[in-house]
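What follows is the content of target-v3.tsv, which has TSV, C-alpha atoms and all ligand atoms:
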```tsv
chain	number	residue	atom	x	y	z
A	1	MET	CA	-22.10	4.78	-16.76
A	2	LYS	CA	-18.46	5.81	-16.66
A	3	LYS	CA	-15.69	3.48	-15.52
A	4	ARG	CA	-14.13	4.54	-12.26
A	5	ALA	CA	-10.46	4.73	-11.24
A	6	LEU	CA	-9.55	5.27	-7.60
A	7	VAL	CA	-6.21	6.94	-6.79
A	8	LEU	CA	-4.40	6.98	-3.47
A	9	THR	CA	-1.03	8.09	-2.10
A	10	GLY	CA	0.66	6.00	0.61
A	11	GLY	CA	3.84	6.13	2.70
A	12	GLY	CA	5.99	9.20	3.22
A	13	ASP	CA	5.12	12.18	1.04
A	14	CYS	CA	7.40	13.16	-1.79
A	15	PRO	CA	7.68	16.09	-4.22
A	16	GLY	CA	5.75	15.21	-7.39
A	17	LEU	CA	2.81	13.27	-5.90
A	18	ASN	CA	0.36	15.95	-7.03
A	19	ALA	CA	1.82	15.96	-10.54
A	20	VAL	CA	1.12	12.19	-10.76
A	21	ILE	CA	-2.48	12.70	-9.60
A	22	ARG	CA	-2.95	15.48	-12.17
A	23	GLY	CA	-1.44	13.28	-14.93
A	24	ILE	CA	-3.89	10.48	-14.11
A	25	VAL	CA	-6.92	12.76	-14.05
A	26	LYS	CA	-5.99	14.63	-17.23
A	27	ARG	CA	-5.35	11.37	-19.13
A	28	ALA	CA	-8.68	9.96	-17.93
A	29	ALA	CA	-10.43	13.14	-19.08
A	30	GLN	CA	-9.21	12.48	-22.65
A	31	THR	CA	-11.36	9.33	-22.80
A	32	GLU	CA	-14.82	10.47	-21.69
A	33	GLU	CA	-15.24	6.87	-20.48
A	34	TRP	CA	-13.38	7.16	-17.19
A	35	GLU	CA	-13.83	9.23	-14.06
A	36	VAL	CA	-11.39	9.44	-11.17
A	37	ILE	CA	-11.88	9.56	-7.42
A	38	GLY	CA	-9.26	9.78	-4.67
A	39	SER	CA	-9.07	7.99	-1.34
A	40	ILE	CA	-8.01	10.20	1.56
A	41	GLN	CA	-4.85	9.11	3.43
A	42	SER	CA	-3.99	6.08	1.39
A	43	PHE	CA	-6.35	3.09	1.78
A	44	ASP	CA	-7.68	4.53	5.06
A	45	GLY	CA	-10.24	6.64	3.22
A	46	ILE	CA	-11.92	3.49	1.87
A	47	LEU	CA	-11.75	1.63	5.16
A	48	ARG	CA	-13.14	4.45	7.29
A	49	GLU	CA	-16.84	4.80	8.05
A	50	PRO	CA	-18.09	7.01	6.54
A	51	THR	CA	-15.83	6.52	3.55
A	52	GLU	CA	-13.49	9.45	2.86
A	53	ILE	CA	-13.08	9.94	-0.85
A	54	MET	CA	-12.95	12.98	-3.13
A	55	LYS	CA	-13.94	13.57	-6.71
A	56	LEU	CA	-10.92	14.25	-8.89
A	57	ASP	CA	-11.84	16.11	-12.04
A	58	GLU	CA	-9.77	18.54	-14.09
A	59	LYS	CA	-10.91	21.44	-11.93
A	60	ALA	CA	-9.78	19.66	-8.75
A	61	VAL	CA	-6.27	19.08	-10.13
A	62	ALA	CA	-5.77	22.39	-11.93
A	63	GLY	CA	-2.39	23.87	-11.04
A	64	ILE	CA	-1.42	21.25	-8.47
A	65	HIS	CA	1.60	19.95	-10.42
A	66	PHE	CA	4.01	22.32	-8.66
A	67	GLN	CA	2.57	21.91	-5.18
A	68	GLY	CA	4.47	19.81	-2.65
A	69	GLY	CA	2.82	17.13	-0.50
A	70	THR	CA	-0.32	15.38	-1.71
A	71	ILE	CA	-3.83	16.77	-1.98
A	72	LEU	CA	-5.08	13.30	-0.93
A	73	GLY	CA	-3.05	13.11	2.27
A	74	THR	CA	-0.99	10.06	3.16
A	75	THR	CA	0.03	7.83	6.06
A	76	THR	CA	2.88	5.56	7.11
A	77	LYS	CA	0.71	3.69	9.61
A	78	GLY	CA	-1.50	0.65	9.32
A	79	GLY	CA	-3.14	-0.17	6.01
A	80	PRO	CA	-5.62	-2.84	4.83
A	81	LEU	CA	-3.36	-5.79	5.75
A	82	ALA	CA	-2.65	-4.59	9.30
A	83	TRP	CA	-5.34	-2.22	10.49
A	84	PRO	CA	-4.69	-1.07	14.08
A	85	VAL	CA	-7.49	-1.75	16.57
A	86	LYS	CA	-7.39	-0.56	20.18
A	87	GLU	CA	-8.43	-3.32	22.58
A	88	ASN	CA	-10.39	-2.70	25.80
A	89	ASP	CA	-7.22	-3.11	27.86
A	90	GLY	CA	-5.54	-0.30	25.89
A	91	THR	CA	-3.26	-2.56	23.84
A	92	TRP	CA	-3.27	-2.56	20.04
A	93	SER	CA	-3.90	-5.47	17.74
A	94	PHE	CA	-3.77	-5.56	13.93
A	95	VAL	CA	-6.44	-7.02	11.68
A	96	ASP	CA	-6.42	-7.89	8.00
A	97	ARG	CA	-9.26	-5.91	6.39
A	98	SER	CA	-8.21	-6.51	2.78
A	99	ASP	CA	-11.15	-8.76	1.79
A	100	GLU	CA	-13.65	-6.33	3.29
A	101	MET	CA	-11.93	-3.46	1.43
A	102	ILE	CA	-12.00	-5.27	-1.92
A	103	ARG	CA	-15.73	-5.95	-1.43
A	104	LYS	CA	-16.29	-2.29	-0.63
A	105	LEU	CA	-14.39	-1.15	-3.72
A	106	LYS	CA	-16.61	-3.41	-5.87
A	107	TYR	CA	-19.71	-1.96	-4.22
A	108	MET	CA	-18.34	1.56	-4.94
A	109	GLY	CA	-18.06	0.63	-8.63
A	110	VAL	CA	-14.27	0.97	-8.73
A	111	ASP	CA	-12.82	-0.64	-11.87
A	112	ALA	CA	-9.15	0.20	-11.25
A	113	VAL	CA	-7.04	1.28	-8.28
A	114	ILE	CA	-3.85	3.30	-8.81
A	115	SER	CA	-1.62	3.18	-5.73
A	116	ILE	CA	1.20	5.73	-5.63
A	117	GLY	CA	3.72	4.61	-3.04
A	118	GLY	CA	7.11	3.24	-2.11
A	119	ASP	CA	8.34	-0.25	-1.51
A	120	GLY	CA	5.84	-0.99	1.30
A	121	SER	CA	2.90	0.18	-0.81
A	122	GLN	CA	3.97	-1.97	-3.78
A	123	ARG	CA	4.12	-5.01	-1.47
A	124	ILE	CA	0.57	-4.33	-0.26
A	125	SER	CA	-0.51	-3.91	-3.90
A	126	GLN	CA	0.90	-7.32	-4.84
A	127	VAL	CA	-1.13	-9.00	-2.06
A	128	LEU	CA	-4.29	-7.15	-3.12
A	129	TYR	CA	-3.66	-8.08	-6.76
A	130	GLU	CA	-3.35	-11.76	-5.80
A	131	LYS	CA	-6.73	-11.40	-4.08
A	132	GLY	CA	-8.25	-10.22	-7.35
A	133	LEU	CA	-8.08	-6.41	-7.13
A	134	ASN	CA	-7.42	-4.53	-10.38
A	135	ILE	CA	-4.49	-2.52	-9.12
A	136	ILE	CA	-1.62	-0.58	-10.69
A	137	GLY	CA	1.42	0.88	-8.87
A	138	VAL	CA	3.33	4.13	-9.28
A	139	PRO	CA	6.78	4.25	-7.60
A	140	LYS	CA	7.49	7.19	-5.32
A	141	THR	CA	10.26	7.87	-2.86
A	142	ILE	CA	12.95	10.47	-2.33
A	143	ASP	CA	15.27	7.56	-1.43
A	144	ASN	CA	15.39	6.21	-5.03
A	145	ASP	CA	15.67	2.70	-3.59
A	146	LEU	CA	13.28	0.86	-5.94
A	147	SER	CA	15.28	-1.25	-8.37
A	148	ALA	CA	12.72	-1.71	-11.16
A	149	THR	CA	12.84	1.94	-12.24
A	150	ASP	CA	15.85	4.07	-13.25
A	151	PHE	CA	14.57	6.85	-10.98
A	152	THR	CA	11.65	7.50	-8.67
A	153	PHE	CA	10.15	10.99	-8.82
A	154	GLY	CA	10.98	13.17	-5.82
A	155	PHE	CA	14.56	11.95	-5.66
A	156	GLN	CA	16.07	14.69	-7.83
A	157	THR	CA	14.24	17.36	-5.82
A	158	ALA	CA	15.66	15.92	-2.60
A	159	VAL	CA	19.15	15.93	-4.17
A	160	GLN	CA	18.67	19.57	-5.20
A	161	ILE	CA	17.60	20.57	-1.67
A	162	ALA	CA	20.50	18.66	-0.10
A	163	THR	CA	22.96	20.21	-2.58
A	164	GLU	CA	21.74	23.71	-1.73
A	165	ALA	CA	22.32	22.85	1.93
A	166	VAL	CA	25.90	21.72	1.18
A	167	ASP	CA	26.50	24.96	-0.78
A	168	LYS	CA	25.42	26.99	2.24
A	169	LEU	CA	27.39	24.92	4.73
A	170	VAL	CA	30.59	25.13	2.67
A	171	THR	CA	30.75	28.92	3.01
A	172	THR	CA	30.07	28.91	6.74
A	173	ALA	CA	32.56	26.05	7.33
A	174	ALA	CA	35.22	27.98	5.37
A	175	SER	CA	34.52	31.24	7.22
A	176	HIS	CA	34.84	29.61	10.65
A	177	ASN	CA	37.49	26.96	9.92
A	178	ARG	CA	35.09	24.24	10.94
A	179	VAL	CA	34.18	20.67	10.17
A	180	ILE	CA	30.48	20.63	9.31
A	181	ILE	CA	28.60	17.36	9.08
A	182	LEU	CA	25.34	17.33	7.10
A	183	GLU	CA	22.99	14.38	7.70
A	184	VAL	CA	20.62	13.61	4.84
A	185	MET	CA	17.82	11.06	4.33
A	186	GLY	CA	17.81	7.95	2.16
A	187	ARG	CA	17.21	5.01	4.51
A	188	ASP	CA	19.46	2.10	3.48
A	189	ALA	CA	20.51	3.71	0.20
A	190	GLY	CA	23.15	6.43	-0.11
A	191	TRP	CA	21.81	8.03	-3.29
A	192	ILE	CA	20.90	11.43	-1.86
A	193	ALA	CA	24.15	11.73	0.11
A	194	LEU	CA	26.40	10.71	-2.77
A	195	ASN	CA	24.74	12.92	-5.35
A	196	ALA	CA	24.61	15.95	-3.07
A	197	ALA	CA	28.22	15.44	-1.96
A	198	ILE	CA	29.44	15.39	-5.57
A	199	ALA	CA	27.25	18.32	-6.63
A	200	GLY	CA	28.15	20.37	-3.56
A	201	GLY	CA	31.86	19.49	-3.46
A	202	ALA	CA	32.02	17.89	-0.01
A	203	GLU	CA	35.37	16.40	1.02
A	204	ILE	CA	33.85	13.34	2.71
A	205	CYS	CA	30.73	11.32	1.93
A	206	LEU	CA	29.50	8.46	4.08
A	207	ILE	CA	26.86	6.08	2.75
A	208	PRO	CA	25.25	2.90	4.12
A	209	GLU	CA	26.83	0.81	1.37
A	210	ILE	CA	30.39	1.62	2.58
A	211	PRO	CA	30.75	1.28	6.38
A	212	TYR	CA	33.25	3.93	7.46
A	213	ASN	CA	36.54	3.88	9.28
A	214	LEU	CA	36.92	6.81	11.71
A	215	ASN	CA	40.69	7.00	11.11
A	216	SER	CA	40.19	7.65	7.39
A	217	ILE	CA	37.96	10.62	8.26
A	218	LEU	CA	40.45	11.89	10.84
A	219	ASP	CA	43.25	11.71	8.24
A	220	VAL	CA	41.33	13.91	5.81
A	221	ILE	CA	40.57	16.45	8.53
A	222	LYS	CA	44.23	16.51	9.63
A	223	LYS	CA	45.44	17.07	6.07
A	224	ARG	CA	42.93	19.86	5.44
A	225	PHE	CA	43.79	21.84	8.58
A	226	VAL	CA	47.14	23.63	8.81
A	227	ASP	CA	47.85	25.72	11.95
A	228	GLY	CA	44.18	25.44	12.91
A	229	LYS	CA	43.07	26.80	9.52
A	230	GLY	CA	41.05	24.85	7.01
A	231	HIS	CA	37.58	23.42	6.71
A	232	VAL	CA	35.89	20.12	5.89
A	233	ASN	CA	32.35	19.39	4.74
A	234	ILE	CA	31.00	15.92	5.37
A	235	VAL	CA	27.74	14.58	3.94
A	236	VAL	CA	26.49	11.55	5.82
A	237	SER	CA	23.51	9.44	4.88
A	238	GLU	CA	21.15	8.68	7.79
A	239	GLY	CA	21.70	4.94	7.24
A	240	ALA	CA	25.52	5.11	7.32
A	241	LYS	CA	27.34	3.19	10.03
A	242	PRO	CA	30.91	2.67	11.24
A	243	LYS	CA	32.75	-0.57	10.40
A	244	ASP	CA	31.70	-3.10	13.05
A	245	GLY	CA	29.03	-0.65	14.27
A	246	GLU	CA	25.26	-0.23	14.08
A	247	VAL	CA	23.02	2.31	12.35
A	248	SER	CA	21.75	5.18	14.50
A	249	ALA	CA	18.07	4.45	14.80
A	250	GLU	CA	15.22	3.82	17.20
A	251	LYS	CA	11.97	1.87	17.00
A	252	SER	CA	8.99	3.99	16.05
A	253	ASP	CA	6.49	4.58	18.87
A	254	GLU	CA	3.72	5.39	16.36
A	255	ILE	CA	1.06	2.66	16.38
A	256	GLY	CA	1.15	0.73	13.11
A	257	ASN	CA	4.43	2.28	11.88
A	258	LYS	CA	6.85	-0.61	11.50
A	259	ASN	CA	9.69	1.50	10.06
A	260	LEU	CA	12.83	2.16	12.08
A	261	LYS	CA	13.30	5.86	12.79
A	262	LEU	CA	16.75	6.58	11.39
A	263	GLY	CA	18.67	9.60	12.62
A	264	GLY	CA	21.52	10.72	14.81
A	265	ILE	CA	24.55	9.55	12.82
A	266	ALA	CA	25.87	13.13	12.37
A	267	ARG	CA	25.83	13.71	16.14
A	268	LYS	CA	27.45	10.34	16.79
A	269	LEU	CA	30.17	11.03	14.24
A	270	LEU	CA	30.90	14.45	15.75
A	271	HIS	CA	31.13	12.89	19.20
A	272	ASP	CA	33.36	10.02	18.02
A	273	LEU	CA	35.71	12.39	16.16
A	274	LYS	CA	36.08	14.51	19.31
A	275	GLU	CA	36.75	11.40	21.42
A	276	ALA	CA	39.38	10.32	18.90
A	277	GLY	CA	41.23	13.61	19.39
A	278	CYS	CA	39.93	15.82	16.58
A	279	GLU	CA	40.59	19.39	17.73
A	280	ALA	CA	38.78	21.25	14.97
A	281	ASP	CA	35.55	23.07	15.78
A	282	MET	CA	32.69	20.92	14.59
A	283	ARG	CA	28.97	21.38	13.98
A	284	GLU	CA	26.25	19.11	12.66
A	285	THR	CA	23.11	19.88	10.65
A	286	VAL	CA	20.25	17.44	10.15
A	287	LEU	CA	18.31	18.32	7.01
A	288	GLY	CA	15.35	16.07	7.84
A	289	HIS	CA	11.94	16.58	6.27
A	290	LEU	CA	13.02	19.74	4.43
A	291	GLN	CA	14.12	17.23	1.77
A	292	ARG	CA	10.57	15.98	1.30
A	293	GLY	CA	8.51	19.14	1.27
A	294	GLY	CA	7.91	21.96	-1.14
A	295	VAL	CA	7.96	22.46	-4.86
A	296	PRO	CA	9.21	19.59	-7.06
A	297	ILE	CA	11.93	20.56	-9.55
A	298	ALA	CA	11.03	20.41	-13.25
A	299	TYR	CA	12.62	16.96	-13.70
A	300	ASP	CA	10.39	15.41	-11.04
A	301	ARG	CA	7.25	17.15	-12.31
A	302	ILE	CA	7.89	15.74	-15.77
A	303	LEU	CA	8.69	12.20	-14.55
A	304	ALA	CA	5.66	12.28	-12.23
A	305	THR	CA	3.37	13.44	-15.05
A	306	GLN	CA	4.70	10.67	-17.29
A	307	PHE	CA	4.05	8.11	-14.54
A	308	GLY	CA	0.50	9.40	-14.02
A	309	VAL	CA	-0.37	9.28	-17.71
A	310	LYS	CA	1.13	5.79	-18.07
A	311	ALA	CA	-0.72	4.47	-15.00
A	312	MET	CA	-4.04	5.68	-16.41
A	313	GLU	CA	-3.20	4.13	-19.78
A	314	LEU	CA	-2.60	0.78	-18.07
A	315	ALA	CA	-6.03	1.09	-16.45
A	316	ILE	CA	-7.64	1.92	-19.80
A	317	GLU	CA	-6.03	-1.09	-21.52
A	318	GLY	CA	-6.81	-3.34	-18.54
A	319	THR	CA	-3.24	-4.19	-17.48
A	320	PHE	CA	-3.10	-4.79	-13.74
A	321	GLY	CA	-0.59	-6.20	-11.24
A	322	GLU	CA	2.12	-3.92	-12.63
A	323	MET	CA	4.04	-0.86	-11.53
A	324	VAL	CA	4.96	1.89	-13.95
A	325	ALA	CA	8.70	2.43	-14.29
A	326	TYR	CA	11.25	4.57	-16.08
A	327	HIS	CA	13.64	2.65	-18.29
A	328	HIS	CA	15.45	5.41	-20.11
A	329	PRO	CA	14.13	6.76	-22.47
A	330	ASN	CA	10.82	4.94	-22.07
A	331	ILE	CA	8.07	4.78	-19.48
A	332	VAL	CA	7.19	1.09	-19.15
A	333	SER	CA	5.52	-1.18	-16.61
A	334	VAL	CA	6.89	-4.15	-14.65
A	335	PRO	CA	5.09	-6.82	-12.59
A	336	PHE	CA	4.84	-5.96	-8.86
A	337	LEU	CA	6.81	-9.13	-8.09
A	338	GLU	CA	9.76	-7.83	-10.10
A	339	ALA	CA	9.38	-4.35	-8.58
A	340	ILE	CA	9.65	-5.64	-5.01
A	341	SER	CA	12.25	-8.33	-5.62
A	342	LYS	CA	15.26	-6.21	-4.63
A	343	TYR	CA	16.30	-2.80	-3.32
A	344	ASN	CA	18.24	-0.31	-5.39
A	345	VAL	CA	21.30	0.59	-3.34
A	346	VAL	CA	24.47	2.33	-4.52
A	347	ASN	CA	26.80	-0.05	-6.35
A	348	THR	CA	30.18	0.65	-4.75
A	349	LYS	CA	31.91	-0.12	-8.07
A	350	SER	CA	29.63	2.21	-10.07
A	351	SER	CA	30.87	5.15	-12.10
A	352	LEU	CA	29.22	7.54	-9.63
A	353	VAL	CA	31.37	6.19	-6.79
A	354	GLN	CA	34.41	6.18	-9.12
A	355	THR	CA	33.67	9.82	-9.92
A	356	ALA	CA	33.55	10.71	-6.24
A	357	ARG	CA	36.86	8.97	-5.64
A	358	GLY	CA	38.24	10.49	-8.84
A	359	ILE	CA	37.81	14.00	-7.45
A	360	GLY	CA	39.52	12.92	-4.23
A	361	MET	CA	36.40	12.53	-2.12
A	362	CYS	CA	36.87	10.29	0.91
A	363	MET	CA	34.14	7.64	1.05
A	364	GLY	CA	35.06	6.70	4.60
A	365	ASP	CA	36.89	3.47	3.77
A	401	LIG	O1	11.45	6.91	2.80
A	401	LIG	C1	11.46	8.30	2.78
A	401	LIG	C2	11.98	8.85	4.08
A	401	LIG	O2	11.98	10.27	3.99
A	401	LIG	C3	13.35	8.33	4.49
A	401	LIG	O3	14.39	8.94	3.78
A	401	LIG	C4	13.33	8.62	5.96
A	401	LIG	O4	14.17	7.75	6.70
A	401	LIG	C5	11.90	8.36	6.34
A	401	LIG	O5	11.13	8.48	5.15
A	401	LIG	C6	11.35	9.30	7.38
A	401	LIG	O6	10.08	8.88	7.69
A	401	LIG	P1	9.06	9.72	8.57
A	401	LIG	O7	8.48	10.78	7.69
A	401	LIG	O8	8.06	8.71	9.00
A	401	LIG	O9	9.83	10.33	9.69
```
Kindly transcribe the structure held in the file into structure tokens.
Amino acid sequence: MKKRALVLTGGGDCPGLNAVIRGIVKRAAQTEEWEVIGSIQSFDGILREPTEIMKLDEKAVAGIHFQGGTILGTTTKGGPLAWPVKENDGTWSFVDRSDEMIRKLKYMGVDAVISIGGDGSQRISQVLYEKGLNIIGVPKTIDNDLSATDFTFGFQTAVQIATEAVDKLVTTAASHNRVIILEVMGRDAGWIALNAAIAGGAEICLIPEIPYNLNSILDVIKKRFVDGKGHVNIVVSEGAKPKDGEVSAEKSDEIGNKNLKLGGIARKLLHDLKEAGCEADMRETVLGHLQRGGVPIAYDRILATQFGVKAMELAIEGTFGEMVAYHHPNIVSVPFLEAISKYNVVNTKSSLVQTARGIGMCMGD
């Protein structure tokens, strides 16, 4: 009987997920000893009755490497450690179903689990590994905020999409003599904003790592407008905040989703600039989930394929409790504990920030 690997995708989707799945399946097919199945919507597919899994053979993954999203589906809610249960009085409670799930996986003849996910998923994987599950992680997120890998796949595609948005907004800002504020994703890390601002030539870039001073932004706008003529493009990361201020966010009302819903900083900034006397016409654009969908660029397809192949190789050699990672120029693996030990945020002294400042970009401070 063949050995069985189970693959799942968890957390927010990200360009390149399908290329990872294809890499895993194609590497397994080279062995003739392994077969691959997929769990629908992260671990939920295993926990549901009846179980929701799909067979993943070469036919099932043919041509999926350039498709956005994930053929397995995903979720940001619940999971085996905190499964939402609706009580009779309509309230929700959360139960730990991890032991039951591990028993079920044994019964299903699963020899290895490959969990493709972000920080939250890697944390769940560490707990499951400590409970004895043979599990391997693959890092995914457009935010690029996992420190154990040089890059996560999906990030460069998000930067490309955000850069194209800046390119478009620059010409409309110039035509109308406007200040245009573009809000991009990234959670607590300013990677997408900073990269897109440099690539797109924005005058101002605001990131979570450098709380901004409204007067610095006003100064740039004043200098760039003469007799009402001029334009300014601002790229602001969703997690940016003013000095002595808070992030623009609200609690999620989705049952089992513990993440803060970030958003609204562009609108707030526009409002605050107006209040502070900025007379220029201003508009804001929130790029939102456009950054997550669609076709992954070549770079992300290649990185994702490398991650998939490496994850399957770890399963074949029997190395568990580790997450694959990119340490240029190699694809390696690191223990989950190392992978989740710290976030990867923008180093404010880094050469990327120096480059931004070197071309005269205002970082809000
Ligand atoms: O972590 C990826 C990400 O796209 C963040 O950049 C963003 O804040 C969040 O997910 C949005 O989550 P959701 O899809 O649940 O709205």
message: Taking all atoms listed in the file into account, which residues have an atom no farther than 7 Å from ligand LIG 401 (chain A)? I'd like them as number ranges by chain.
response: A: 12, 76, 141-143, 185-187, 261-262, 289, 292
Using all atoms listed in the file, the residue out of A:Tyr212, A:Ala304, A:Ala174, A:Lys243 with shortest distance to Met363 (chain A) is A:Tyr212
Correct to one decimal, the distance CA of Leu182 (chain A)-CA of Ile234 (chain A) is 6.1 Å
How many Å lie between CA of Gly78 (chain A) and CA of Gly16 (chain A), rounded to one decimal?
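Computing the Euclidean distance for CA of Gly78 (chain A) and CA of Gly16 (chain A) yields 23.3 Å.
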**Asked** Leaving out region 37-45 of chain A and any residue of its chain fewer than 2 positions from it, which residues lie within 10 Å of it when counting all atoms listed in the file, given as a PyMOL selection string?
**Response** chain A and resi 4-11+21+25+35+47-57+70-80+83+98+101+110+113-117+121
Which neighbours of Met1 (chain A) fall inside 12 Å, counting all atoms listed in the file, when residues of the same chain fewer than 5 positions from it are skipped, and could you give them as a short mmCIF file (atom, residue, chain, number, x, y, z; two decimals) with C-alpha atoms, keeping the file's coordinate frame?
```cif
data_model
loop_
_atom_site.label_atom_id
_atom_site.label_comp_id
_atom_site.auth_asym_id
_atom_site.auth_seq_id
_atom_site.Cartn_x
_atom_site.Cartn_y
_atom_site.Cartn_z
CA GLU A 32 -14.82 10.47 -21.69
CA GLU A 33 -15.24 6.87 -20.48
CA TRP A 34 -13.38 7.16 -17.19
CA GLU A 35 -13.83 9.23 -14.06
CA GLY A 109 -18.06 0.63 -8.63
CA VAL A 110 -14.27 0.97 -8.73
CA ASP A 111 -12.82 -0.64 -11.87
#
```
Selection near region 320-331 of chain A, 10 Å with all atoms listed in the file, sequence-local residues under 6 positions removed, as a count of residues only: 40
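Using all atoms listed in the file for every distance, the candidate list A:Asn344, A:Gly263, A:Asp119, A:Glu58 yields A:Gly263 as the residue closest to Lys251 (chain A).
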Atomic separation - CA of Leu270 (chain A) relative to CA of Lys241 (chain A), Å:
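Calculated distance between CA of Lys241 (chain A) and CA of Leu270 (chain A) is 13.1 Å.
Closest approach to Ile265 (chain A) among A:Ile181, A:Ile161, A:Ile217, A:Ile204: A:Ile181, based on only C-alpha atoms.
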*Residue nearest Val159 (chain A) - candidates A:Ile302, A:Ala60, A:Leu17, A:Leu287, atoms counted: all atoms listed in the file*: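 The closest residue to Val159 (chain A) is A:Leu287.
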